[in-house]
Number of protein chains: 2
Amino acid sequence: MESSRFQSFDDGSQPEKACERIAALRRIMAAEGLAAWVLPRTDAWKNEYLRACDERLAWLTGFTGSAGLLIVLEDQAALFVDGRYTLQAAEQVDTAVITVLPVADHRPADWLAQRLGDGERAGFDPWLMSRAEVRRWRSKLERKGAHFVPVLPDPVDTVWEDRPPPPEGEIFLHPVRFAGMTVAEKLELIRARVVEADADHVLITGTESTSWLFNIRGHDIPHTPVVLGWTLVPVEGMAELFVEPDKVSEEVSDALAEVAFIRPLQALDARLRELGEQGARVLVDEEHAAEELLRLLEDAGAMPVPGRDPCVLPKACKTEAERAGARAAHVRDGAALARFLCWLETAAADGSVDEIAAAIRLEEFRVDTAERAGEPLFDLSFDTISAAGPHGAIVHYRVTTRSNRPLKPGELYLVDSGGQYRDGTTDVTRTVFIGPPGMQPDAEMRRHYTLVLKGMIALSRVRFPKGTTGANLDVLARQFLWETGLDYDHGTGHGVGAFLSVHEGPQSISRIGHAEFRPGMITSNEPGFYLEGRYGIRIENLILCREPVRRAEGEREMMSFETLTLCPVDRRLIDPTLLDPGERAWLDGYHRHVREALSPLLEGDVEALAWLERACAPLTKG
Amino acid sequence: MESSRFQSFDDGSQPEKACERIAALRRIMAAEGLAAWVLPRTDAWKNEYLRACDERLAWLTGFTGSAGLLIVLEDQAALFVDGRYTLQAAEQVDTAVITVLPVADHRPADWLAQRLGDGERAGFDPWLMSRAEVRRWRSKLERKGAHFVPVLPDPVDTVWEDRPPPPEGEIFLHPVRFAGMTVAEKLELIRARVVEADADHVLITGTESTSWLFNIRGHDIPHTPVVLGWTLVPVEGMAELFVEPDKVSEEVSDALAEVAFIRPLQALDARLRELGEQGARVLVDEEHAAEELLRLLEDAGAMPVPGRDPCVLPKACKTEAERAGARAAHVRDGAALARFLCWLETAAADGSVDEIAAAIRLEEFRVDTAERAGEPLFDLSFDTISAAGPHGAIVHYRVTTRSNRPLKPGELYLVDSGGQYRDGTTDVTRTVFIGPPGMQPDAEMRRHYTLVLKGMIALSRVRFPKGTTGANLDVLARQFLWETGLDYDHGTGHGVGAFLSVHEGPQSISRIGHAEFRPGMITSNEPGFYLEGRYGIRIENLILCREPVRRAEGEREMMSFETLTLCPVDRRLIDPTLLDPGERAWLDGYHRHVREALSPLLEGDVEALAWLERACAPLTKG
């Protein structure tokens, strides 16, 4: 079997070790007088993708999902996961040792508060929870007379004997031709926000924010080219970037020489103490910053000024260069995906392709297509979800050598994948029917697929005024499923960075997406439907929020979305009788655009071109 | 001209007096050392409809809308109003004395903060602002070094020499056959919430809450049968109701004897002092309770426990008896409206009916229809909006003898009205075309009307899961307007009480309606479209949230809305080519239901029955 450069299919999960590892943790808990230990899956920067050395939750439990929280008590342990992970967690952990609980039904802090007695202590690592989280947990526990106490060093680290070392890998520059703004311009924006907030410094704790602000990228985190570091920006004077000194090349230090001092990570503590002595007012995002940073600031005598990270909004509103980069990256990415789907249609029709082989082939097409186009693939933007048949119903399924299964004729195959290109980040999901030309999906599959497609189209077409949020628009993607009593247990869309994280706020399309859409934001549009034990359906495009326009006299300015993702949707799965004329017209227009955009990159590949032509033909009425 | 029992068409507004009255206020401000005075339009209970003696804003400025805030500085005065009132305010006030500013563009506290210098003082009446409001204002002003200080007595009351006396009028019982729950049952619910909040008392400051809790109603406020009072409920022992003793009949005191002590309003102060001495923990809604009440509590030494008013949610989720009452009230109300629209079609066709005559005639039909049906009309639920032609574009237009104009052939007429019946509160808007049978509305009117209708239908038909909010659903009503660059500057729906206020939370359908829908909630569904200087269109039904149901195996439980309002929509204004088959089917089904429900009450009225038959006939394809 060929191998992948960017992802592993080993099941690193060791659920059989959970019993002894948790027992070791309990011994430390007992020694420290802790009735409970609370472990969220994150790192000191609240990253979503983690270095191996930060995968505490996976090491302890075997659960490898991207979000989860473990509570260990003396006699039980509970893993709280969201709707994307309920099936996966139940499969991955030893349920004799760990109970899996859906967060929708059990709020972890409430669950813990019910189980703690008066005066008992629950511990947490103050690098892994934000000030705001600590405040919420503490208020719930204190009502029961229990205490929520920071403990360092993290007891999990103490028992983790074979912990991998942190990765090495240089920081590199993200050129202005991609970023569209210089560091000096960005610093000016940020300083204005600090003044508005009546502070004299801002402490920036998000790795995407630091990477965006200094136009730098790194190799620390798989699939996410962020730099692990902290930033301090004063209202006047040089900014300070705290990073591992070994990772800073001469090129980087030269480029930043006029705007920032580069200091070692360990120097932050002393610097905060200095700020404290000056009685500095430091803007800090309490929802994001680790509790430990706030403690350092306060102990030093500085005055934290709570407020949002001022980088988040300008980072989300992509510059013209970033928009152009995203469009270009999507052409390459779409061409790779078209070549893959063309190959898959024939190769998988007889059941001879399995999930890992498909994921590897897709990666090869991405690497090859990008190379030919002259802008190489830097990484995948996340581990490819390559899910055949019933695996598709596991929303964030990750194929391993253990779970691998063939794509069987008559089944659905769901592939959710993306690339990190220097000019943009992609994220796309397609669901296709596997089988030889004569074979047809059953009516129920087609109905479900078409209901999901209608939702995706509704969101693609909507026009909306300034002030509209993702919470306002979410229903458009769900309405057709709801009408027939169906739904999906995940958000409809998340923000996407520019050669940064594939999940970036502030905007999201979900019941609780309260950030307003603004021109330049890139967001996913990915409704789905999941039938446990049978199949999963998801169709995902990235959409770019356009500038507001007024189309005619007397009308108001409206915003809308430009669809960035360029890849046909599977016509075999569409029941055209369920589409109205407007939806059919949208889909035909989209396919026409996909064909025109991708054809140049497929030049010479006769098979792929012919496939694209067929896949993008206008719908005939059903 | 005939007259109305329930509303006045006098323009009480005296804009010409604003100059001298504001000058008098400024003299007190100067004496008190105040650089600014902040006056919101409300009373000590945050009521929306006010006693004449609480109409401080209208007396001072001439503006009679239901929401607004005035800031008086030494050299200028600014009235902040929302989108419903920008046109009306500009017409009603003397703009040489008062500047009208839309709140969408100018946040009053920011506006004031920009105009105050270091050390300057802005004053407010602590009975007219909640603790939470005061906190927000204060934090903005303090950033500029300015102070926000409570001042009693209210300087406006000092300069208001001919201030009307408070109304008299007995409190009366709201029987359990309408309420569906006894006071004891309600108190049990509330006590459980107080225990959950870890408090030992709750201070209930909302008049709807007090009226709901004790199954009592009153005559203090026009159109809203609430009792002006405060309630104190301890976790154990008798509740206490603080009201004007003169208004309590023997019947009421007998009915409440076993559950509550009745005490004079003035006794609250002393009672709070007692609680303070006991170190009581008092649950109080800081978003609602007047700052002055919080000050009294704190000065007394009590410990306020911030939390939501525990009556709000159970009050919003109507009992079976309240749902049945609402249905019955809507049959009477619909029959009255049908008789009115039948009369209007003929009477107004030649332009001989004016806005006041129409409003009076509608009230007469309400009184007469209700009387015949044996459940008399208690009041209107608000001043009827009777708006011909361009007046329709003034969202909350109130006709006065000064503004009165005829309903002219070829124009639209918008009528938004409602009744207070002992078994339910109604609120309905219809927009109709005025003119003889041959005359047709122009294509643009029909297009606008049909876009509004499509939004109203989309919300009527939606199915949605538990957890869905009004912010999630709002887009359904707006999407068709947005598609063509149009919108309306008001929410799509507000909660409605049961023989209580016509505007009651917690739910609303708007961008910021974050309360979840729950079975039994009654909400308005009222999209609109307004073309300044030409016409206004609004179509409003009340909708009742149904219990969730699962319709088939494998599906999820979904909620939906039952439309309560029973009144045809004007077919002349519909462009059927803009409706899809599902929308046409919904409308035909609705009209069939309206005809069946109203016909019995129109028995004997040959003309009205024939009109109803025509108005409810199925749509023919356009």
# chains A, B, ... in the order shown; residues from 1 in each chain; ligands from 1

$ interface_residues --of "chain B" --to "chain A" --cutoff "7 Å" --atoms "only C-alpha atoms" --output "JSON, numbers by chain"
{"B": [462, 463, 464, 471, 472, 473, 474, 475, 482, 483, 485, 486, 511, 550, 555, 556, 557, 558]}

$ write_last_selection --atoms "N, CA and C atoms" --output "PDB file, in the first residue's frame"
ATOM      1  N   VAL B 462     -43.589  26.322   9.008  1.00  0.00           N
ATOM      2  CA  VAL B 462     -42.307  25.709   9.371  1.00  0.00           C
ATOM      3  C   VAL B 462     -42.465  24.661  10.474  1.00  0.00           C
ATOM      4  N   ARG B 463     -41.697  23.575  10.364  1.00  0.00           N
ATOM      5  CA  ARG B 463     -41.564  22.621  11.468  1.00  0.00           C
ATOM      6  C   ARG B 463     -40.134  22.764  11.983  1.00  0.00           C
ATOM      7  N   PHE B 464     -39.950  22.637  13.295  1.00  0.00           N
ATOM      8  CA  PHE B 464     -38.627  22.912  13.854  1.00  0.00           C
ATOM      9  C   PHE B 464     -38.450  22.131  15.145  1.00  0.00           C
ATOM     10  N   ALA B 471     -34.746  34.081  16.667  1.00  0.00           N
ATOM     11  CA  ALA B 471     -33.622  34.567  15.844  1.00  0.00           C
ATOM     12  C   ALA B 471     -33.321  33.575  14.728  1.00  0.00           C
ATOM     13  N   ASN B 472     -33.572  32.298  15.006  1.00  0.00           N
ATOM     14  CA  ASN B 472     -33.354  31.278  13.977  1.00  0.00           C
ATOM     15  C   ASN B 472     -34.426  31.354  12.885  1.00  0.00           C
ATOM     16  N   LEU B 473     -35.665  31.666  13.270  1.00  0.00           N
ATOM     17  CA  LEU B 473     -36.776  31.573  12.310  1.00  0.00           C
ATOM     18  C   LEU B 473     -37.058  32.880  11.556  1.00  0.00           C
ATOM     19  N   ASP B 474     -36.573  33.987  12.054  1.00  0.00           N
ATOM     20  CA  ASP B 474     -36.904  35.307  11.499  1.00  0.00           C
ATOM     21  C   ASP B 474     -36.690  35.384   9.985  1.00  0.00           C
ATOM     22  N   VAL B 475     -35.600  34.792   9.520  1.00  0.00           N
ATOM     23  CA  VAL B 475     -35.253  34.866   8.098  1.00  0.00           C
ATOM     24  C   VAL B 475     -36.347  34.280   7.210  1.00  0.00           C
ATOM     25  N   TRP B 482     -35.838  40.036   1.016  1.00  0.00           N
ATOM     26  CA  TRP B 482     -34.380  40.190   0.888  1.00  0.00           C
ATOM     27  C   TRP B 482     -33.926  39.864  -0.534  1.00  0.00           C
ATOM     28  N   GLU B 483     -34.534  38.823  -1.098  1.00  0.00           N
ATOM     29  CA  GLU B 483     -34.122  38.386  -2.436  1.00  0.00           C
ATOM     30  C   GLU B 483     -34.234  39.529  -3.437  1.00  0.00           C
ATOM     31  N   GLY B 485     -34.048  42.762  -2.511  1.00  0.00           N
ATOM     32  CA  GLY B 485     -33.458  43.984  -1.970  1.00  0.00           C
ATOM     33  C   GLY B 485     -34.370  44.762  -1.042  1.00  0.00           C
ATOM     34  N   LEU B 486     -35.404  44.124  -0.507  1.00  0.00           N
ATOM     35  CA  LEU B 486     -36.339  44.826   0.372  1.00  0.00           C
ATOM     36  C   LEU B 486     -36.268  44.249   1.778  1.00  0.00           C
ATOM     37  N   ARG B 511     -34.056  39.248  14.807  1.00  0.00           N
ATOM     38  CA  ARG B 511     -32.634  38.920  14.826  1.00  0.00           C
ATOM     39  C   ARG B 511     -32.120  38.605  16.209  1.00  0.00           C
ATOM     40  N   ARG B 550     -43.667  13.452  16.554  1.00  0.00           N
ATOM     41  CA  ARG B 550     -42.903  12.656  15.606  1.00  0.00           C
ATOM     42  C   ARG B 550     -43.939  12.045  14.664  1.00  0.00           C
ATOM     43  N   GLU B 555     -38.125   9.380  12.295  1.00  0.00           N
ATOM     44  CA  GLU B 555     -38.084  10.839  12.280  1.00  0.00           C
ATOM     45  C   GLU B 555     -37.913  11.373  13.698  1.00  0.00           C
ATOM     46  N   ARG B 556     -37.612  12.665  13.775  1.00  0.00           N
ATOM     47  CA  ARG B 556     -37.466  13.296  15.084  1.00  0.00           C
ATOM     48  C   ARG B 556     -38.717  14.086  15.424  1.00  0.00           C
ATOM     49  N   GLU B 557     -38.839  14.404  16.692  1.00  0.00           N
ATOM     50  CA  GLU B 557     -39.949  15.255  17.111  1.00  0.00           C
ATOM     51  C   GLU B 557     -39.748  16.664  16.569  1.00  0.00           C
ATOM     52  N   MET B 558     -40.794  17.227  16.018  1.00  0.00           N
ATOM     53  CA  MET B 558     -40.733  18.595  15.523  1.00  0.00           C
ATOM     54  C   MET B 558     -41.919  19.377  16.098  1.00  0.00           C
TER      55      MET B 558
END

$ residues_around --residues "range 306-315 of chain B" --least-positions-apart "2" --cutoff "10 Å" --atoms "only C-alpha atoms" --output "ChimeraX atom specification"
/B:179,186-187,189-194,197,199,202-206,208-210,212-213,281-289,303-304,317-319,497-498,504-507,515,518,520-521

$ atom_distance --atom1 "CA of Phe433 in chain A" --atom2 "CA of Pro409 in chain A"
8.0 Å

$ residues_around --residues "Leu173 in chain B" --least-positions-apart "5" --cutoff "9 Å" --atoms "only C-alpha atoms" --output "list in words"
Phe214, Asn215, Ile216, Arg217, Gly218, Glu251, Val252 and Ala255 of chain B

$ select_by_dssp --residues "range 445-558 of chain A" --states "helix (DSSP H, G or I)" --output "ChimeraX atom specification"
/A:445-461,470-483

$ write_last_selection --atoms "N, CA, C and O atoms" --output "compact mmCIF listing (two decimals), in the first residue's frame"
# COMPACT_ATOMS: atom_id res chain seq x y z
N MET A 445 -32.26 7.13 -0.37
CA MET A 445 -30.96 7.81 -0.46
C MET A 445 -31.08 9.10 -1.28
O MET A 445 -30.54 10.14 -0.91
N ARG A 446 -31.78 8.98 -2.39
CA ARG A 446 -31.89 10.14 -3.28
C ARG A 446 -32.72 11.24 -2.62
O ARG A 446 -32.41 12.42 -2.74
N ARG A 447 -33.76 10.84 -1.92
CA ARG A 447 -34.59 11.84 -1.24
C ARG A 447 -33.76 12.56 -0.17
O ARG A 447 -33.72 13.79 -0.10
N HIS A 448 -33.07 11.78 0.66
CA HIS A 448 -32.24 12.39 1.71
C HIS A 448 -31.16 13.29 1.11
O HIS A 448 -30.92 14.40 1.57
N TYR A 449 -30.51 12.79 0.06
CA TYR A 449 -29.44 13.58 -0.56
C TYR A 449 -30.01 14.89 -1.11
O TYR A 449 -29.42 15.96 -0.95
N THR A 450 -31.15 14.81 -1.74
CA THR A 450 -31.72 16.00 -2.37
C THR A 450 -32.19 17.01 -1.32
O THR A 450 -32.06 18.22 -1.51
N LEU A 451 -32.69 16.52 -0.18
CA LEU A 451 -33.08 17.45 0.90
C LEU A 451 -31.86 18.21 1.43
O LEU A 451 -31.92 19.41 1.71
N VAL A 452 -30.74 17.49 1.55
CA VAL A 452 -29.50 18.14 2.00
C VAL A 452 -29.04 19.15 0.94
O VAL A 452 -28.68 20.30 1.26
N LEU A 453 -29.10 18.74 -0.31
CA LEU A 453 -28.68 19.62 -1.41
C LEU A 453 -29.53 20.90 -1.44
O LEU A 453 -29.01 22.01 -1.64
N LYS A 454 -30.83 20.76 -1.24
CA LYS A 454 -31.72 21.93 -1.26
C LYS A 454 -31.30 22.93 -0.17
O LYS A 454 -31.31 24.15 -0.39
N GLY A 455 -30.92 22.41 0.99
CA GLY A 455 -30.47 23.28 2.07
C GLY A 455 -29.18 24.00 1.69
O GLY A 455 -29.03 25.21 1.91
N MET A 456 -28.27 23.25 1.10
CA MET A 456 -26.99 23.84 0.68
C MET A 456 -27.24 24.93 -0.37
O MET A 456 -26.63 26.01 -0.31
N ILE A 457 -28.15 24.67 -1.28
CA ILE A 457 -28.46 25.67 -2.33
C ILE A 457 -29.13 26.91 -1.72
O ILE A 457 -28.80 28.04 -2.08
N ALA A 458 -30.04 26.69 -0.77
CA ALA A 458 -30.75 27.84 -0.18
C ALA A 458 -29.76 28.81 0.45
O ALA A 458 -29.89 30.03 0.32
N LEU A 459 -28.77 28.28 1.15
CA LEU A 459 -27.76 29.12 1.78
C LEU A 459 -26.86 29.78 0.73
O LEU A 459 -26.44 30.93 0.88
N SER A 460 -26.59 29.06 -0.34
CA SER A 460 -25.74 29.62 -1.40
C SER A 460 -26.40 30.81 -2.08
O SER A 460 -25.71 31.71 -2.55
N ARG A 461 -27.74 30.80 -2.15
CA ARG A 461 -28.46 31.81 -2.93
C ARG A 461 -28.95 33.00 -2.13
O ARG A 461 -29.41 33.98 -2.70
N GLY A 470 -25.03 34.17 11.53
CA GLY A 470 -25.18 32.76 11.18
C GLY A 470 -26.38 32.11 11.86
O GLY A 470 -27.01 31.21 11.30
N ALA A 471 -26.70 32.58 13.08
CA ALA A 471 -27.88 32.05 13.78
C ALA A 471 -29.15 32.39 13.01
O ALA A 471 -30.14 31.66 13.05
N ASN A 472 -29.12 33.52 12.30
CA ASN A 472 -30.27 33.90 11.50
C ASN A 472 -30.41 33.02 10.26
O ASN A 472 -31.52 32.72 9.81
N LEU A 473 -29.28 32.63 9.66
CA LEU A 473 -29.34 31.95 8.36
C LEU A 473 -29.39 30.42 8.45
O LEU A 473 -29.74 29.75 7.49
N ASP A 474 -29.03 29.88 9.61
CA ASP A 474 -28.90 28.44 9.76
C ASP A 474 -30.14 27.66 9.28
O ASP A 474 -30.05 26.61 8.64
N VAL A 475 -31.30 28.19 9.60
CA VAL A 475 -32.56 27.52 9.25
C VAL A 475 -32.70 27.26 7.75
O VAL A 475 -33.33 26.30 7.33
N LEU A 476 -32.10 28.13 6.94
CA LEU A 476 -32.24 27.97 5.49
C LEU A 476 -31.70 26.60 5.07
O LEU A 476 -32.26 25.94 4.20
N ALA A 477 -30.61 26.16 5.70
CA ALA A 477 -30.00 24.89 5.34
C ALA A 477 -30.76 23.69 5.90
O ALA A 477 -30.65 22.59 5.39
N ARG A 478 -31.54 23.94 6.96
CA ARG A 478 -32.20 22.82 7.65
C ARG A 478 -33.67 22.67 7.30
O ARG A 478 -34.28 21.63 7.55
N GLN A 479 -34.28 23.71 6.74
CA GLN A 479 -35.74 23.75 6.63
C GLN A 479 -36.35 22.55 5.90
O GLN A 479 -37.40 22.05 6.30
N PHE A 480 -35.67 22.05 4.88
CA PHE A 480 -36.27 20.96 4.10
C PHE A 480 -36.20 19.64 4.86
O PHE A 480 -37.09 18.81 4.78
N LEU A 481 -35.11 19.45 5.60
CA LEU A 481 -35.01 18.28 6.47
C LEU A 481 -36.05 18.37 7.59
O LEU A 481 -36.78 17.41 7.85
N TRP A 482 -36.13 19.53 8.23
CA TRP A 482 -37.09 19.70 9.34
C TRP A 482 -38.51 19.38 8.88
O TRP A 482 -39.28 18.78 9.62
N GLU A 483 -38.82 19.80 7.66
CA GLU A 483 -40.18 19.60 7.16
C GLU A 483 -40.56 18.12 7.20
O GLU A 483 -41.73 17.79 7.37

$ closest_atom_pairs --of "range 7-102 of chain A" --to "range 148-159 of chain A" --cutoff "9 Å" --atoms "only C-alpha atoms" --output "JSON lines"
{"residue": "A:Arg21", "atom": "CA", "partner": "A:Val159", "partner_atom": "CA", "distance": 7.4}
{"residue": "A:Ile22", "atom": "CA", "partner": "A:Val156", "partner_atom": "CA", "distance": 8.9}
{"residue": "A:Ala24", "atom": "CA", "partner": "A:Val159", "partner_atom": "CA", "distance": 6.4}
{"residue": "A:Leu25", "atom": "CA", "partner": "A:Val156", "partner_atom": "CA", "distance": 6.3}
{"residue": "A:Ile28", "atom": "CA", "partner": "A:Pro155", "partner_atom": "CA", "distance": 6.5}
{"residue": "A:Met29", "atom": "CA", "partner": "A:Pro155", "partner_atom": "CA", "distance": 7.7}
{"residue": "A:Glu32", "atom": "CA", "partner": "A:Val151", "partner_atom": "CA", "distance": 8.9}
{"residue": "A:Leu34", "atom": "CA", "partner": "A:Val149", "partner_atom": "CA", "distance": 8.9}
{"residue": "A:Leu39", "atom": "CA", "partner": "A:Val156", "partner_atom": "CA", "distance": 8.9}
{"residue": "A:Arg56", "atom": "CA", "partner": "A:Val156", "partner_atom": "CA", "distance": 7.0}
{"residue": "A:Leu60", "atom": "CA", "partner": "A:Val156", "partner_atom": "CA", "distance": 8.2}

$ select_by_dssp --residues "range 15-226 of chain A" --states "strand (DSSP E or B)" --output "PyMOL selection string"
chain A and resi 36-40+69-73+77-81+99-102+121-124+130+147-150+172-173+201-204+216-217+221+224

$ residues_around --residues "range 378-391 of chain A" --least-positions-apart "2" --cutoff "8 Å" --atoms "only C-alpha atoms" --output "short mmCIF file (atom, residue, chain, number, x, y, z; two decimals) with N, CA and C atoms, in the first residue's frame"
data_model
loop_
_atom_site.label_atom_id
_atom_site.label_comp_id
_atom_site.auth_asym_id
_atom_site.auth_seq_id
_atom_site.Cartn_x
_atom_site.Cartn_y
_atom_site.Cartn_z
N PHE A 6 0.98 13.30 4.63
CA PHE A 6 0.38 14.27 5.55
C PHE A 6 -0.51 13.68 6.63
N GLN A 7 -0.86 12.40 6.50
CA GLN A 7 -1.72 11.87 7.55
C GLN A 7 -1.37 10.42 7.84
N PRO A 222 -0.08 19.86 13.36
CA PRO A 222 -0.45 19.20 12.11
C PRO A 222 -1.61 19.94 11.42
N HIS A 223 -1.51 20.10 10.13
CA HIS A 223 -2.59 20.63 9.28
C HIS A 223 -2.91 22.11 9.50
N THR A 224 -2.33 22.74 10.49
CA THR A 224 -2.63 24.14 10.78
C THR A 224 -1.31 24.88 10.91
N GLU A 355 -11.21 2.60 2.10
CA GLU A 355 -11.20 3.99 2.58
C GLU A 355 -9.80 4.60 2.60
N ILE A 356 -8.82 3.80 3.07
CA ILE A 356 -7.45 4.34 3.14
C ILE A 356 -6.89 4.55 1.74
N ALA A 358 -8.50 5.21 -0.93
CA ALA A 358 -9.15 6.38 -1.52
C ALA A 358 -8.54 7.66 -0.96
N ALA A 359 -8.32 7.72 0.36
CA ALA A 359 -7.74 8.92 0.98
C ALA A 359 -6.34 9.19 0.43
N GLU A 363 -5.06 12.40 -1.85
CA GLU A 363 -3.90 13.21 -1.46
C GLU A 363 -2.92 13.31 -2.62
N PRO A 376 2.68 24.47 -4.73
CA PRO A 376 2.59 23.14 -4.12
C PRO A 376 1.69 23.07 -2.90
N ALA A 393 -21.98 7.86 8.69
CA ALA A 393 -22.86 8.39 9.74
C ALA A 393 -22.08 8.83 10.97
N ILE A 394 -20.77 8.48 11.01
CA ILE A 394 -19.92 8.99 12.10
C ILE A 394 -19.37 10.32 11.61
N HIS A 396 -17.45 12.85 12.25
CA HIS A 396 -16.02 13.16 12.07
C HIS A 396 -15.19 11.88 12.02
N TYR A 397 -15.64 10.93 11.24
CA TYR A 397 -14.95 9.64 11.13
C TYR A 397 -13.52 9.83 10.65
N ARG A 398 -12.58 9.12 11.30
CA ARG A 398 -11.20 9.12 10.82
C ARG A 398 -10.84 7.67 10.57
N VAL A 399 -10.47 7.36 9.34
CA VAL A 399 -10.18 5.96 9.00
C VAL A 399 -8.82 5.56 9.57
N ARG A 405 -12.47 -0.09 5.62
CA ARG A 405 -13.39 -1.01 4.93
C ARG A 405 -13.50 -0.60 3.48
N PRO A 406 -13.89 -1.54 2.59
CA PRO A 406 -14.03 -1.19 1.18
C PRO A 406 -15.24 -0.30 0.91
N LEU A 407 -15.14 0.46 -0.18
CA LEU A 407 -16.29 1.21 -0.70
C LEU A 407 -17.11 0.20 -1.49
N LYS A 408 -18.28 -0.17 -0.99
CA LYS A 408 -19.02 -1.27 -1.62
C LYS A 408 -20.04 -0.76 -2.62
N GLU A 411 -23.46 1.40 -2.08
CA GLU A 411 -23.39 2.21 -0.86
C GLU A 411 -22.99 3.66 -1.20
N LEU A 412 -23.11 4.51 -0.20
CA LEU A 412 -22.64 5.89 -0.35
C LEU A 412 -21.21 6.00 0.18
N TYR A 413 -20.47 6.92 -0.38
CA TYR A 413 -19.12 7.22 0.10
C TYR A 413 -19.04 8.72 0.36
N LEU A 414 -18.64 9.08 1.58
CA LEU A 414 -18.55 10.49 1.98
C LEU A 414 -17.08 10.85 2.15
N VAL A 415 -16.64 11.88 1.44
CA VAL A 415 -15.24 12.29 1.57
C VAL A 415 -15.17 13.79 1.89
N ASP A 416 -14.65 14.09 3.07
CA ASP A 416 -14.54 15.46 3.58
C ASP A 416 -13.04 15.72 3.73
N SER A 417 -12.52 16.68 2.97
CA SER A 417 -11.07 16.86 2.91
C SER A 417 -10.73 18.29 2.56
N GLY A 418 -9.47 18.63 2.70
CA GLY A 418 -9.07 19.98 2.34
C GLY A 418 -7.57 20.09 2.26
N GLY A 419 -7.12 21.16 1.64
CA GLY A 419 -5.69 21.38 1.48
C GLY A 419 -5.26 22.71 2.07
N GLN A 420 -4.01 22.74 2.51
CA GLN A 420 -3.38 24.00 2.90
C GLN A 420 -2.44 24.39 1.75
N TYR A 421 -2.78 25.46 1.07
CA TYR A 421 -1.94 26.02 0.03
C TYR A 421 -1.43 27.36 0.57
N ARG A 422 -0.28 27.82 0.06
CA ARG A 422 0.24 29.08 0.55
C ARG A 422 -0.74 30.23 0.32
N THR A 425 -6.75 28.14 2.18
CA THR A 425 -7.11 26.91 2.86
C THR A 425 -8.43 26.42 2.28
N THR A 426 -8.53 25.13 1.96
CA THR A 426 -9.79 24.61 1.41
C THR A 426 -10.39 23.56 2.34
N ASP A 427 -11.66 23.32 2.16
CA ASP A 427 -12.42 22.35 2.96
C ASP A 427 -13.67 22.01 2.16
N SER A 501 -6.01 28.29 10.18
CA SER A 501 -6.84 27.18 10.67
C SER A 501 -8.07 26.99 9.81
N VAL A 502 -8.47 25.74 9.66
CA VAL A 502 -9.67 25.45 8.88
C VAL A 502 -10.93 25.73 9.70
N LEU A 531 -27.79 8.53 8.82
CA LEU A 531 -28.68 7.43 9.17
C LEU A 531 -27.79 6.36 9.79
N GLU A 532 -27.82 6.29 11.11
CA GLU A 532 -26.89 5.44 11.85
C GLU A 532 -26.94 4.00 11.32
N GLY A 533 -25.75 3.44 11.08
CA GLY A 533 -25.65 2.06 10.60
C GLY A 533 -25.87 1.92 9.11
N ARG A 534 -26.27 2.98 8.42
CA ARG A 534 -26.53 2.89 6.99
C ARG A 534 -25.61 3.82 6.19
N TYR A 535 -25.78 5.12 6.34
CA TYR A 535 -24.95 6.04 5.55
C TYR A 535 -24.97 7.46 6.11
N GLY A 536 -24.02 8.24 5.63
CA GLY A 536 -23.99 9.65 5.96
C GLY A 536 -23.95 10.44 4.66
#

$ atom_distance --atom1 "CA of Asp118 in chain A" --atom2 "CA of Val305 in chain B"
20.9 Å

$ atom_distance --atom1 "CA of Arg273 in chain B" --atom2 "CA of Pro245 in chain B"
20.8 Å

$ residues_around --residues "range 581-591 of chain B" --least-positions-apart "5" --cutoff "9 Å" --atoms "only C-alpha atoms" --output "number ranges by chain"
B: 454, 457-458, 460-461, 563, 566-569, 576, 596, 615-619, 621

$ residues_around --residues "Ala113 in chain A" --least-positions-apart "4" --cutoff "9 Å" --atoms "only C-alpha atoms" --output "number ranges by chain"
A: 108-109, 117, 137, 140-144, 146

$ residues_around --residues "Gln92 in chain B" --least-positions-apart "4" --cutoff "7 Å" --atoms "only C-alpha atoms" --output "list in words"
Pro15, Gly62, Phe63 and Gln88 of chain B
